[in-house]
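The structure appears right after this line, and notes come after that.
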Amino acid sequence: MQTSTQKVHPEDPSVGSSADVSATGVETLQLREAAQPSAQVIELEPLLAPAAKPHTAASTAASPAEGSADNATWRKFHKQGIPEYLARRYWWAYLWNVSVWFFDHAFIINTILFGNYFKLMRAALTRLDPEFDGRVLQITCVYGAFTPSMAEKMPKCELHLLDVADVQIQSTLRKLRVAKGAAAAGVNPARMNAETLAYADNSFDKVVIFFLLHELPHDARARALDEAMRVLRPNGKLLIAEYGELGTTHVMHRIKFLRNTLEAMEPFLGRFRKENLVEKIRDTASRAGMAVTDVFQLPVFGGFYRVVDFAMKPAADVQSRAGKS
Ligand SMILES: C[S@@+](CC[C@H](N)C(=O)[O-])C[C@H]1O[C@@H](n2cnc3c(N)ncnc32)[C@H](O)[C@@H]1O
């Protein structure tokens, strides 16, 4: 018996307005802050040096920056404990000090998201209750003002933040300090792999995942979702901002060149967009002894992106209620 509800909301025009988010102020301060050197100092010279050997056939699927030699750029990050897929495919975007400085500007992020960055951030923030005083976990850092805005929107919550890359954690902490001053002290950062969380079972009331899932290979994504569900309390909520499912009507889906270009930059996006995220979350919840009881979907940019908020209940409660009715 289907016991959950699912609402797909038309795009909310107010989502693109300035609403209650002081994102612009945060970003202005952040530009100045992001230019400072990060705590993790990575040597520039070896990073900029060309790969020692040309690509072999076996390495053609990897990023252009990858060499076949043992000293390929990504291996330096992998040796520091970064998962191979992240080091190989995204070192240039998330792990290198220079790229963190470069990408962490609202203008750049907004361009990468085809002008939808503020809309997406506000859409996600509309799902947060300013009075919420539970424990919130944000799984991985994100560029831009999302984390400071979330901390600002829910000043009473206990916010935890994890990322496997120290350079990203340091950058977010700088943004939080600038945006929130002393209040940022309430944010609990941890360096951790999303696939193997160190938190106890049932320890968060809300888990937030902003644009991470499409960057994980299929198996890593499944493990990260299992872990997110394990640490979520049985009555918790899971908030996900992501690319929408691949359809046949959106212009960005129909134009092969656009599709291929984006998927060349985002090697795991293709498979992610073909999956049914809602079903995947239902399955994951069920493995964790929970049932999804409500799904709120807010399409952004005609569904090219989406914000999805899942409410859970213990599966046993849902079954017994269903049995009585
Ligand atoms: C959330 S995604 C990027 C979101 C979006 N593109 C943005 O920044 O606006 C990138 C972050 O995820 C982190 N990350 C990727 N894989 C991870 C994993 N397995 N465990 C923890 N952090 C991970 C990266 O270090 C990076 O900080």
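Convention: chains lettered A, B, ... in structure tokens order; per-chain residue numbering from 1; ligands numbered from 1 as shown.
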Output as a Markdown table one row per residue of chain A within 8 Å of ligand 1: the closest atom pair and its distance in Å to one decimal place, counting only C-alpha atoms and all ligand atoms, sorted by chain and residue number ascending.
| residue | atom | partner | partner_atom_place_in_ligand_line | distance |
| --- | --- | --- | --- | --- |
| A:Ile82 | CA | ligand 1 | 18 (C) | 7.9 |
| A:Pro83 | CA | ligand 1 | 19 (N) | 6.4 |
| A:Tyr85 | CA | ligand 1 | 16 (N) | 8.0 |
| A:Leu86 | CA | ligand 1 | 16 (N) | 5.7 |
| A:Tyr94 | CA | ligand 1 | 26 (C) | 5.3 |
| A:Leu95 | CA | ligand 1 | 25 (O) | 6.6 |
| A:Asp104 | CA | ligand 1 | 8 (O) | 7.8 |
| A:Ile109 | CA | ligand 1 | 9 (O) | 6.5 |
| A:Ile139 | CA | ligand 1 | 21 (C) | 7.0 |
| A:Thr140 | CA | ligand 1 | 12 (O) | 4.8 |
| A:Cys141 | CA | ligand 1 | 27 (O) | 4.7 |
| A:Val142 | CA | ligand 1 | 8 (O) | 3.6 |
| A:Tyr143 | CA | ligand 1 | 8 (O) | 3.8 |
| A:Gly144 | CA | ligand 1 | 9 (O) | 6.4 |
| A:Leu162 | CA | ligand 1 | 21 (C) | 6.6 |
| A:Asp163 | CA | ligand 1 | 22 (N) | 3.9 |
| A:Val164 | CA | ligand 1 | 21 (C) | 4.0 |
| A:Ala165 | CA | ligand 1 | 25 (O) | 4.6 |
| A:Asp166 | CA | ligand 1 | 25 (O) | 8.0 |
| A:Gln168 | CA | ligand 1 | 27 (O) | 5.1 |
| A:Ile169 | CA | ligand 1 | 27 (O) | 7.6 |
| A:Arg191 | CA | ligand 1 | 21 (C) | 7.6 |
| A:Met192 | CA | ligand 1 | 21 (C) | 5.7 |
| A:Asn193 | CA | ligand 1 | 20 (N) | 3.6 |
| A:Ala194 | CA | ligand 1 | 20 (N) | 3.8 |
| A:Glu195 | CA | ligand 1 | 19 (N) | 5.7 |
| A:Ile209 | CA | ligand 1 | 1 (C) | 7.2 |
| A:Phe210 | CA | ligand 1 | 1 (C) | 5.7 |
| A:Phe211 | CA | ligand 1 | 4 (C) | 4.4 |
| A:Leu212 | CA | ligand 1 | 1 (C) | 4.0 |
| A:Leu213 | CA | ligand 1 | 2 (S) | 7.7 |
| A:Glu215 | CA | ligand 1 | 2 (S) | 6.6 |
| A:Leu216 | CA | ligand 1 | 16 (N) | 6.4 |
| A:Ala220 | CA | ligand 1 | 19 (N) | 7.1 |
| A:Ala224 | CA | ligand 1 | 19 (N) | 7.3 |
Selected residues, N, CA and C atoms, written as an mmCIF file, in the first residue's frame, please.
data_model
loop_
_atom_site.group_PDB
_atom_site.id
_atom_site.type_symbol
_atom_site.label_atom_id
_atom_site.label_comp_id
_atom_site.auth_asym_id
_atom_site.auth_seq_id
_atom_site.Cartn_x
_atom_site.Cartn_y
_atom_site.Cartn_z
ATOM 1 N N ILE A 82 42.134 11.262 -0.278
ATOM 2 C CA ILE A 82 40.969 11.644 -1.086
ATOM 3 C C ILE A 82 40.562 10.438 -1.940
ATOM 4 N N PRO A 83 39.250 10.103 -2.009
ATOM 5 C CA PRO A 83 38.852 8.957 -2.832
ATOM 6 C C PRO A 83 39.324 9.131 -4.284
ATOM 7 N N TYR A 85 38.030 8.552 -7.207
ATOM 8 C CA TYR A 85 37.177 9.200 -8.208
ATOM 9 C C TYR A 85 37.194 10.714 -8.065
ATOM 10 N N LEU A 86 37.268 11.183 -6.828
ATOM 11 C CA LEU A 86 37.277 12.634 -6.604
ATOM 12 C C LEU A 86 38.630 13.217 -7.029
ATOM 13 N N TYR A 94 37.965 20.991 -7.010
ATOM 14 C CA TYR A 94 37.680 21.048 -5.574
ATOM 15 C C TYR A 94 38.893 20.937 -4.661
ATOM 16 N N LEU A 95 40.020 20.440 -5.182
ATOM 17 C CA LEU A 95 41.090 20.074 -4.256
ATOM 18 C C LEU A 95 42.286 21.018 -4.271
ATOM 19 N N ASP A 104 35.068 29.673 -5.987
ATOM 20 C CA ASP A 104 34.182 30.086 -4.885
ATOM 21 C C ASP A 104 33.791 31.564 -4.981
ATOM 22 N N ILE A 109 29.966 30.415 -9.965
ATOM 23 C CA ILE A 109 29.020 29.320 -9.680
ATOM 24 C C ILE A 109 27.723 29.538 -10.449
ATOM 25 N N ILE A 139 26.137 17.211 4.219
ATOM 26 C CA ILE A 139 27.125 16.274 3.693
ATOM 27 C C ILE A 139 27.846 16.935 2.526
ATOM 28 N N THR A 140 29.017 17.352 2.787
ATOM 29 C CA THR A 140 30.009 18.027 1.938
ATOM 30 C C THR A 140 29.781 19.536 1.787
ATOM 31 N N CYS A 141 30.908 20.192 1.684
ATOM 32 C CA CYS A 141 30.914 21.651 1.485
ATOM 33 C C CYS A 141 30.419 21.973 0.080
ATOM 34 N N VAL A 142 29.997 23.191 -0.110
ATOM 35 C CA VAL A 142 29.637 23.649 -1.467
ATOM 36 C C VAL A 142 30.192 25.046 -1.663
ATOM 37 N N TYR A 143 30.447 25.358 -2.916
ATOM 38 C CA TYR A 143 30.881 26.710 -3.224
ATOM 39 C C TYR A 143 29.715 27.660 -3.003
ATOM 40 N N GLY A 144 30.053 28.918 -2.764
ATOM 41 C CA GLY A 144 29.009 29.934 -2.623
ATOM 42 C C GLY A 144 28.538 30.067 -1.185
ATOM 43 N N LEU A 162 30.552 18.129 6.917
ATOM 44 C CA LEU A 162 31.698 17.254 6.627
ATOM 45 C C LEU A 162 32.138 17.400 5.184
ATOM 46 N N ASP A 163 33.396 17.116 4.983
ATOM 47 C CA ASP A 163 33.952 17.029 3.629
ATOM 48 C C ASP A 163 35.226 16.220 3.738
ATOM 49 N N VAL A 164 35.578 15.537 2.666
ATOM 50 C CA VAL A 164 36.787 14.721 2.699
ATOM 51 C C VAL A 164 38.025 15.579 2.406
ATOM 52 N N ALA A 165 37.802 16.791 1.904
ATOM 53 C CA ALA A 165 38.929 17.664 1.540
ATOM 54 C C ALA A 165 39.068 18.785 2.569
ATOM 55 N N ASP A 166 40.243 18.812 3.193
ATOM 56 C CA ASP A 166 40.461 19.836 4.221
ATOM 57 C C ASP A 166 40.400 21.247 3.630
ATOM 58 N N GLN A 168 38.490 22.387 1.474
ATOM 59 C CA GLN A 168 37.089 22.803 1.363
ATOM 60 C C GLN A 168 36.533 23.168 2.738
ATOM 61 N N ILE A 169 36.900 22.404 3.741
ATOM 62 C CA ILE A 169 36.402 22.703 5.094
ATOM 63 C C ILE A 169 36.938 24.058 5.546
ATOM 64 N N ARG A 191 36.440 16.194 8.889
ATOM 65 C CA ARG A 191 36.946 15.649 7.624
ATOM 66 C C ARG A 191 36.552 14.183 7.579
ATOM 67 N N MET A 192 35.766 13.835 6.588
ATOM 68 C CA MET A 192 35.176 12.498 6.561
ATOM 69 C C MET A 192 34.757 12.144 5.134
ATOM 70 N N ASN A 193 34.800 10.864 4.825
ATOM 71 C CA ASN A 193 34.287 10.415 3.537
ATOM 72 C C ASN A 193 32.779 10.174 3.665
ATOM 73 N N ALA A 194 32.002 10.711 2.755
ATOM 74 C CA ALA A 194 30.544 10.563 2.812
ATOM 75 C C ALA A 194 30.114 9.096 2.715
ATOM 76 N N GLU A 195 31.007 8.241 2.222
ATOM 77 C CA GLU A 195 30.651 6.817 2.080
ATOM 78 C C GLU A 195 30.800 6.042 3.380
ATOM 79 N N ILE A 209 21.996 17.510 1.416
ATOM 80 C CA ILE A 209 23.004 17.139 0.405
ATOM 81 C C ILE A 209 22.795 18.048 -0.805
ATOM 82 N N PHE A 210 23.719 18.953 -1.011
ATOM 83 C CA PHE A 210 23.574 19.971 -2.050
ATOM 84 C C PHE A 210 24.548 19.662 -3.192
ATOM 85 N N PHE A 211 24.030 19.143 -4.287
ATOM 86 C CA PHE A 211 24.805 18.901 -5.508
ATOM 87 C C PHE A 211 26.021 17.996 -5.323
ATOM 88 N N LEU A 212 25.879 16.997 -4.490
ATOM 89 C CA LEU A 212 26.969 16.013 -4.359
ATOM 90 C C LEU A 212 26.685 14.755 -5.171
ATOM 91 N N LEU A 213 25.445 14.271 -5.154
ATOM 92 C CA LEU A 213 25.153 12.922 -5.651
ATOM 93 C C LEU A 213 25.595 12.694 -7.095
ATOM 94 N N GLU A 215 28.035 13.781 -8.523
ATOM 95 C CA GLU A 215 29.496 13.769 -8.658
ATOM 96 C C GLU A 215 30.099 12.474 -8.131
ATOM 97 N N LEU A 216 29.250 11.568 -7.698
ATOM 98 C CA LEU A 216 29.742 10.295 -7.173
ATOM 99 C C LEU A 216 29.477 9.175 -8.178
ATOM 100 N N ALA A 220 29.484 4.443 -5.142
ATOM 101 C CA ALA A 220 29.796 5.392 -4.058
ATOM 102 C C ALA A 220 28.534 6.165 -3.682
ATOM 103 N N ALA A 224 26.918 6.349 -0.034
ATOM 104 C CA ALA A 224 26.725 7.649 0.632
ATOM 105 C C ALA A 224 25.260 7.810 1.060
#
Select, from A:Val187, A:Leu258, A:Leu173, A:Ala241, the residue with the minimum atom-to-atom distance to His214 in chain A, counting only C-alpha atoms. A:Ala241
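Among A:Leu176, A:Leu269, A:Ala291, A:Leu246, the residue with the shortest atom-to-atom distance to Ala145 in chain A, counting only C-alpha atoms, is A:Leu176.
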Any idea what's packed within 10 Å of Met252 in chain A, counting only C-alpha atoms, ignoring anything in its chain fewer than 5 positions away? Could you give it as a VMD selection string? chain A and resid 246 to 247 257 to 259 262 302 304
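Using only C-alpha atoms, the nearest neighbour of His105 in chain A within the list A:Phe146, A:Phe268, A:Phe204, A:Phe77 is A:Phe146.
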Which residues of range 256-321 of chain A have any atom within 9 Å of an atom in range 117-120 of chain A when counting only C-alpha atoms, and what is the closest pair of atoms for each, with the distance in Å to one decimal? Order the rows by chain and rising number and write it as a tab-separated table.
residue	atom	partner	partner_atom	distance
A:Val300	CA	A:Leu120	CA	6.7
A:Phe301	CA	A:Lys119	CA	8.6
A:Tyr305	CA	A:Leu120	CA	7.9
A:Arg306	CA	A:Leu120	CA	7.7
A:Val307	CA	A:Leu120	CA	7.3
How would the residues just chosen look if you wrote them out with C-alpha atoms as a PDB file, in the first residue's frame?
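File produced: part-v5.pdb:
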ATOM      1  CA  VAL A 300      14.169  24.814 -10.874  1.00  0.00           C
ATOM      2  CA  PHE A 301      14.951  25.977 -14.443  1.00  0.00           C
ATOM      3  CA  TYR A 305      17.532  21.143 -11.539  1.00  0.00           C
ATOM      4  CA  ARG A 306      15.405  20.241  -8.537  1.00  0.00           C
ATOM      5  CA  VAL A 307      15.181  20.527  -4.802  1.00  0.00           C
TER       6      VAL A 307
END
